[in-house]
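One structure is given here, and the rest of the page talks about it.
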Amino acid sequence: FRQDEDTFKDTLAELPQKASIAHELGLTRCNTWVPSGSNERTYQEQFDLLANRFCHCAEILWDHGCYLGLEFLGPKTILAGFKHEGISNMADMLKLCSAAGTGNLGLLLDCWHWYTSGGTIAEIEALDPQQVVYVHVNDAPVGIPIEEHIDNERALPMETGVIDLPAFLKALNKIGYDGPITAEPLVPGLADMEPQVACQTIADCLKKGWDAAGLEW
């Protein structure tokens, strides 16, 4: 969907088989990220293109009982790289999901992108649970103005406290979200650890967030 029309149509033709396999495996949620701007199309042109393409994707996925989560990218440093502004916050992404009109489109809600886009707890608490398909959690480095954060320079969940992860988790729990919550820390060093050590490190960080939010682990 990020490329030209022919590429989109060719790969869309492969989606029914992949969705069928996912259904057989019991996988009901998938997700992807959406560019926060365009060098070729205005905001509305890009919005209309994405709404049309995601409508086709979501209809196929819905035939196999699958939801699609769309991730907005919040950092202003990403947006600055495009000629035309695109979808870069929760409100606009929800409008896109609604415009597609299939009923199985929602958010891949990443607390990093929520934070860097200026998102609020009130916005999360106003969501219906079905509007959130998937969740990513992480933290942000200290001492960096919100508009200067770089997307691939993050911290482990609960490592710095720049992102209020407990409040984020409480809000999701309040609305009744019952899907996956996955760490996406993007920090140096993890790839050099033994897999079990890396997994335990992340698990310990997540548990710290759960405990701080008063949630059952």
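Numbering starts fresh at 1 for the residues of each chain in the structure tokens, the chains themselves are lettered A, B, ... in the order given, and ligands are numbered from 1 as they appear.
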Quick one: residues within 12 Å of Leu12 of chain A, only C-alpha atoms, excluding same-chain residues fewer than 3 positions away - as a PyMOL selection string? chain A and resi 1+3+5-9+15-19+53-61
As number ranges by chain, which residues of segment 85-149 of chain A does DSSP assign to helix (DSSP H, G or I)? A: 90-100, 111-116, 121-125, 129-131, 146-148
Would you mind exporting the chosen residues as a PDB file, in the first residue's frame, restricted to N, CA and C atoms?
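Once written, again_35.pdb looks like this:
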ATOM      1  N   MET A  90      -3.313  10.306  16.621  1.00  0.00           N
ATOM      2  CA  MET A  90      -4.390   9.354  16.833  1.00  0.00           C
ATOM      3  C   MET A  90      -5.699   9.800  16.193  1.00  0.00           C
ATOM      4  N   ALA A  91      -6.053  11.059  16.351  1.00  0.00           N
ATOM      5  CA  ALA A  91      -7.340  11.536  15.847  1.00  0.00           C
ATOM      6  C   ALA A  91      -7.456  11.349  14.341  1.00  0.00           C
ATOM      7  N   ASP A  92      -6.398  11.700  13.611  1.00  0.00           N
ATOM      8  CA  ASP A  92      -6.439  11.561  12.154  1.00  0.00           C
ATOM      9  C   ASP A  92      -6.451  10.098  11.730  1.00  0.00           C
ATOM     10  N   MET A  93      -5.728   9.242  12.480  1.00  0.00           N
ATOM     11  CA  MET A  93      -5.729   7.826  12.123  1.00  0.00           C
ATOM     12  C   MET A  93      -7.113   7.212  12.354  1.00  0.00           C
ATOM     13  N   LEU A  94      -7.776   7.629  13.398  1.00  0.00           N
ATOM     14  CA  LEU A  94      -9.131   7.139  13.634  1.00  0.00           C
ATOM     15  C   LEU A  94     -10.080   7.579  12.519  1.00  0.00           C
ATOM     16  N   LYS A  95      -9.875   8.787  11.998  1.00  0.00           N
ATOM     17  CA  LYS A  95     -10.685   9.242  10.870  1.00  0.00           C
ATOM     18  C   LYS A  95     -10.448   8.366   9.650  1.00  0.00           C
ATOM     19  N   LEU A  96      -9.196   7.976   9.433  1.00  0.00           N
ATOM     20  CA  LEU A  96      -8.888   7.093   8.306  1.00  0.00           C
ATOM     21  C   LEU A  96      -9.561   5.745   8.482  1.00  0.00           C
ATOM     22  N   CYS A  97      -9.492   5.192   9.678  1.00  0.00           N
ATOM     23  CA  CYS A  97     -10.133   3.902   9.939  1.00  0.00           C
ATOM     24  C   CYS A  97     -11.632   3.989   9.681  1.00  0.00           C
ATOM     25  N   SER A  98     -12.242   5.084  10.100  1.00  0.00           N
ATOM     26  CA  SER A  98     -13.672   5.278   9.897  1.00  0.00           C
ATOM     27  C   SER A  98     -14.006   5.454   8.422  1.00  0.00           C
ATOM     28  N   ALA A  99     -13.145   6.177   7.706  1.00  0.00           N
ATOM     29  CA  ALA A  99     -13.396   6.436   6.285  1.00  0.00           C
ATOM     30  C   ALA A  99     -13.366   5.154   5.465  1.00  0.00           C
ATOM     31  N   ALA A 100     -12.535   4.210   5.856  1.00  0.00           N
ATOM     32  CA  ALA A 100     -12.476   2.938   5.133  1.00  0.00           C
ATOM     33  C   ALA A 100     -13.783   2.177   5.268  1.00  0.00           C
ATOM     34  N   CYS A 111       2.968   3.627  22.404  1.00  0.00           N
ATOM     35  CA  CYS A 111       3.055   4.726  23.373  1.00  0.00           C
ATOM     36  C   CYS A 111       4.127   5.741  22.992  1.00  0.00           C
ATOM     37  N   TRP A 112       5.142   5.315  22.230  1.00  0.00           N
ATOM     38  CA  TRP A 112       6.174   6.261  21.747  1.00  0.00           C
ATOM     39  C   TRP A 112       5.554   7.274  20.785  1.00  0.00           C
ATOM     40  N   HIS A 113       4.809   6.777  19.814  1.00  0.00           N
ATOM     41  CA  HIS A 113       4.202   7.668  18.826  1.00  0.00           C
ATOM     42  C   HIS A 113       3.058   8.479  19.437  1.00  0.00           C
ATOM     43  N   TRP A 114       2.357   7.884  20.383  1.00  0.00           N
ATOM     44  CA  TRP A 114       1.329   8.626  21.129  1.00  0.00           C
ATOM     45  C   TRP A 114       1.972   9.788  21.882  1.00  0.00           C
ATOM     46  N   TYR A 115       3.086   9.525  22.555  1.00  0.00           N
ATOM     47  CA  TYR A 115       3.777  10.564  23.326  1.00  0.00           C
ATOM     48  C   TYR A 115       4.349  11.645  22.414  1.00  0.00           C
ATOM     49  N   THR A 116       5.074  11.249  21.372  1.00  0.00           N
ATOM     50  CA  THR A 116       5.732  12.239  20.517  1.00  0.00           C
ATOM     51  C   THR A 116       4.746  13.032  19.664  1.00  0.00           C
ATOM     52  N   ILE A 121      -3.872  11.092  27.871  1.00  0.00           N
ATOM     53  CA  ILE A 121      -4.582   9.966  28.480  1.00  0.00           C
ATOM     54  C   ILE A 121      -6.075  10.058  28.177  1.00  0.00           C
ATOM     55  N   ALA A 122      -6.603  11.270  28.180  1.00  0.00           N
ATOM     56  CA  ALA A 122      -8.032  11.455  27.900  1.00  0.00           C
ATOM     57  C   ALA A 122      -8.405  10.911  26.527  1.00  0.00           C
ATOM     58  N   GLU A 123      -7.511  11.050  25.550  1.00  0.00           N
ATOM     59  CA  GLU A 123      -7.777  10.516  24.212  1.00  0.00           C
ATOM     60  C   GLU A 123      -7.915   9.002  24.253  1.00  0.00           C
ATOM     61  N   ILE A 124      -7.051   8.349  25.017  1.00  0.00           N
ATOM     62  CA  ILE A 124      -7.126   6.891  25.114  1.00  0.00           C
ATOM     63  C   ILE A 124      -8.407   6.473  25.828  1.00  0.00           C
ATOM     64  N   GLU A 125      -8.731   7.160  26.915  1.00  0.00           N
ATOM     65  CA  GLU A 125      -9.919   6.808  27.690  1.00  0.00           C
ATOM     66  C   GLU A 125     -11.207   7.038  26.916  1.00  0.00           C
ATOM     67  N   PRO A 129     -12.880  -0.124  22.991  1.00  0.00           N
ATOM     68  CA  PRO A 129     -11.825  -1.143  22.954  1.00  0.00           C
ATOM     69  C   PRO A 129     -11.571  -1.709  21.568  1.00  0.00           C
ATOM     70  N   GLN A 130     -12.613  -1.793  20.724  1.00  0.00           N
ATOM     71  CA  GLN A 130     -12.429  -2.350  19.388  1.00  0.00           C
ATOM     72  C   GLN A 130     -11.658  -1.419  18.465  1.00  0.00           C
ATOM     73  N   GLN A 131     -11.438  -0.176  18.900  1.00  0.00           N
ATOM     74  CA  GLN A 131     -10.646   0.755  18.098  1.00  0.00           C
ATOM     75  C   GLN A 131      -9.142   0.538  18.282  1.00  0.00           C
ATOM     76  N   ILE A 146      10.280  17.268  23.193  1.00  0.00           N
ATOM     77  CA  ILE A 146       9.379  16.325  22.552  1.00  0.00           C
ATOM     78  C   ILE A 146       9.432  16.417  21.029  1.00  0.00           C
ATOM     79  N   GLU A 147       9.669  17.615  20.497  1.00  0.00           N
ATOM     80  CA  GLU A 147       9.682  17.784  19.038  1.00  0.00           C
ATOM     81  C   GLU A 147      11.007  17.348  18.410  1.00  0.00           C
ATOM     82  N   GLU A 148      12.000  16.972  19.236  1.00  0.00           N
ATOM     83  CA  GLU A 148      13.306  16.601  18.706  1.00  0.00           C
ATOM     84  C   GLU A 148      13.623  15.111  18.823  1.00  0.00           C
TER      85      GLU A 148
END
So that I can check the surroundings of Ala203 of chain A, please list as a VMD selection string every protein, DNA and RNA residue that reaches within 12 Å of it, counting only C-alpha atoms and ignoring chain neighbours fewer than 4 positions away. chain A and resid 137 156 to 158 181 to 185 196 to 199 207 to 210 217
Restricting it to N, CA, C and O atoms, dump the selection as an mmCIF file, in the first residue's frame.
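The result, written out as out.cif:
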data_model
loop_
_atom_site.group_PDB
_atom_site.id
_atom_site.type_symbol
_atom_site.label_atom_id
_atom_site.label_comp_id
_atom_site.auth_asym_id
_atom_site.auth_seq_id
_atom_site.Cartn_x
_atom_site.Cartn_y
_atom_site.Cartn_z
ATOM 1 N N VAL A 137 4.841 -0.842 23.472
ATOM 2 C CA VAL A 137 5.284 -0.005 24.595
ATOM 3 C C VAL A 137 6.803 0.110 24.601
ATOM 4 O O VAL A 137 7.516 -0.787 24.177
ATOM 5 N N LEU A 156 14.107 1.284 27.086
ATOM 6 C CA LEU A 156 13.288 0.165 27.524
ATOM 7 C C LEU A 156 12.056 0.664 28.267
ATOM 8 O O LEU A 156 12.083 1.734 28.891
ATOM 9 N N PRO A 157 10.947 -0.061 28.216
ATOM 10 C CA PRO A 157 9.768 0.347 28.981
ATOM 11 C C PRO A 157 10.113 0.582 30.454
ATOM 12 O O PRO A 157 10.797 -0.231 31.074
ATOM 13 N N MET A 158 9.694 1.712 30.989
ATOM 14 C CA MET A 158 9.900 2.088 32.394
ATOM 15 C C MET A 158 11.351 2.444 32.714
ATOM 16 O O MET A 158 11.697 2.659 33.874
ATOM 17 N N ILE A 181 0.118 -6.690 24.113
ATOM 18 C CA ILE A 181 0.947 -5.533 24.433
ATOM 19 C C ILE A 181 2.395 -5.982 24.284
ATOM 20 O O ILE A 181 2.858 -6.855 25.018
ATOM 21 N N THR A 182 3.096 -5.403 23.316
ATOM 22 C CA THR A 182 4.418 -5.876 22.926
ATOM 23 C C THR A 182 5.451 -4.770 23.102
ATOM 24 O O THR A 182 5.214 -3.630 22.711
ATOM 25 N N ALA A 183 6.590 -5.119 23.688
ATOM 26 C CA ALA A 183 7.676 -4.154 23.806
ATOM 27 C C ALA A 183 8.343 -3.948 22.452
ATOM 28 O O ALA A 183 8.578 -4.905 21.719
ATOM 29 N N GLU A 184 8.615 -2.686 22.140
ATOM 30 C CA GLU A 184 9.355 -2.343 20.923
ATOM 31 C C GLU A 184 10.400 -1.302 21.320
ATOM 32 O O GLU A 184 10.285 -0.127 20.968
ATOM 33 N N PRO A 185 11.435 -1.708 22.056
ATOM 34 C CA PRO A 185 12.324 -0.738 22.677
ATOM 35 C C PRO A 185 13.318 -0.051 21.751
ATOM 36 O O PRO A 185 13.720 1.079 21.991
ATOM 37 N N GLN A 196 17.663 -15.531 25.849
ATOM 38 C CA GLN A 196 16.946 -15.659 27.111
ATOM 39 C C GLN A 196 17.172 -14.445 28.014
ATOM 40 O O GLN A 196 16.265 -14.003 28.715
ATOM 41 N N VAL A 197 18.379 -13.901 27.986
ATOM 42 C CA VAL A 197 18.690 -12.729 28.799
ATOM 43 C C VAL A 197 17.917 -11.515 28.285
ATOM 44 O O VAL A 197 17.359 -10.734 29.068
ATOM 45 N N ALA A 198 17.885 -11.364 26.963
ATOM 46 C CA ALA A 198 17.151 -10.237 26.372
ATOM 47 C C ALA A 198 15.662 -10.334 26.704
ATOM 48 O O ALA A 198 15.030 -9.336 27.081
ATOM 49 N N CYS A 199 15.112 -11.538 26.573
ATOM 50 C CA CYS A 199 13.686 -11.724 26.875
ATOM 51 C C CYS A 199 13.389 -11.439 28.340
ATOM 52 O O CYS A 199 12.381 -10.801 28.669
ATOM 53 N N LYS A 207 6.944 -6.050 33.584
ATOM 54 C CA LYS A 207 6.352 -6.313 34.894
ATOM 55 C C LYS A 207 6.415 -5.063 35.775
ATOM 56 O O LYS A 207 5.484 -4.787 36.549
ATOM 57 N N LYS A 208 7.486 -4.331 35.667
ATOM 58 C CA LYS A 208 7.605 -3.089 36.433
ATOM 59 C C LYS A 208 6.475 -2.130 36.061
ATOM 60 O O LYS A 208 5.889 -1.470 36.929
ATOM 61 N N GLY A 209 6.176 -2.063 34.756
ATOM 62 C CA GLY A 209 5.071 -1.225 34.314
ATOM 63 C C GLY A 209 3.728 -1.720 34.812
ATOM 64 O O GLY A 209 2.875 -0.930 35.257
ATOM 65 N N TRP A 210 3.538 -3.036 34.752
ATOM 66 C CA TRP A 210 2.289 -3.631 35.232
ATOM 67 C C TRP A 210 2.103 -3.327 36.720
ATOM 68 O O TRP A 210 1.023 -2.952 37.153
ATOM 69 N N TRP A 217 -0.209 -9.286 36.931
ATOM 70 C CA TRP A 217 0.819 -9.771 35.993
ATOM 71 C C TRP A 217 0.555 -11.237 35.661
ATOM 72 O O TRP A 217 0.330 -12.039 36.535
#
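Atom pair atom CA of Pro166 of chain A / atom CA of Leu107 of chain A has a distance of 19.4 Å (rounded to one decimal).
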Near Val142 of chain A, within 9 Å and counting only C-alpha atoms, which residues show up once chain neighbours fewer than 4 positions away are dropped, as an NGL selection string? :A and (160-162)
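Compared by their closest atoms to Leu169 of chain A, and using only C-alpha atoms, the residues A:Gly103, A:Pro195, A:Gly214, A:Gly189 rank with A:Gly214 nearest.
Considering the residues A:Ala13, A:Leu190, A:Leu68, A:Leu108 and counting only C-alpha atoms, Ala155 of chain A has its shortest atom-to-atom contact with A:Leu190.
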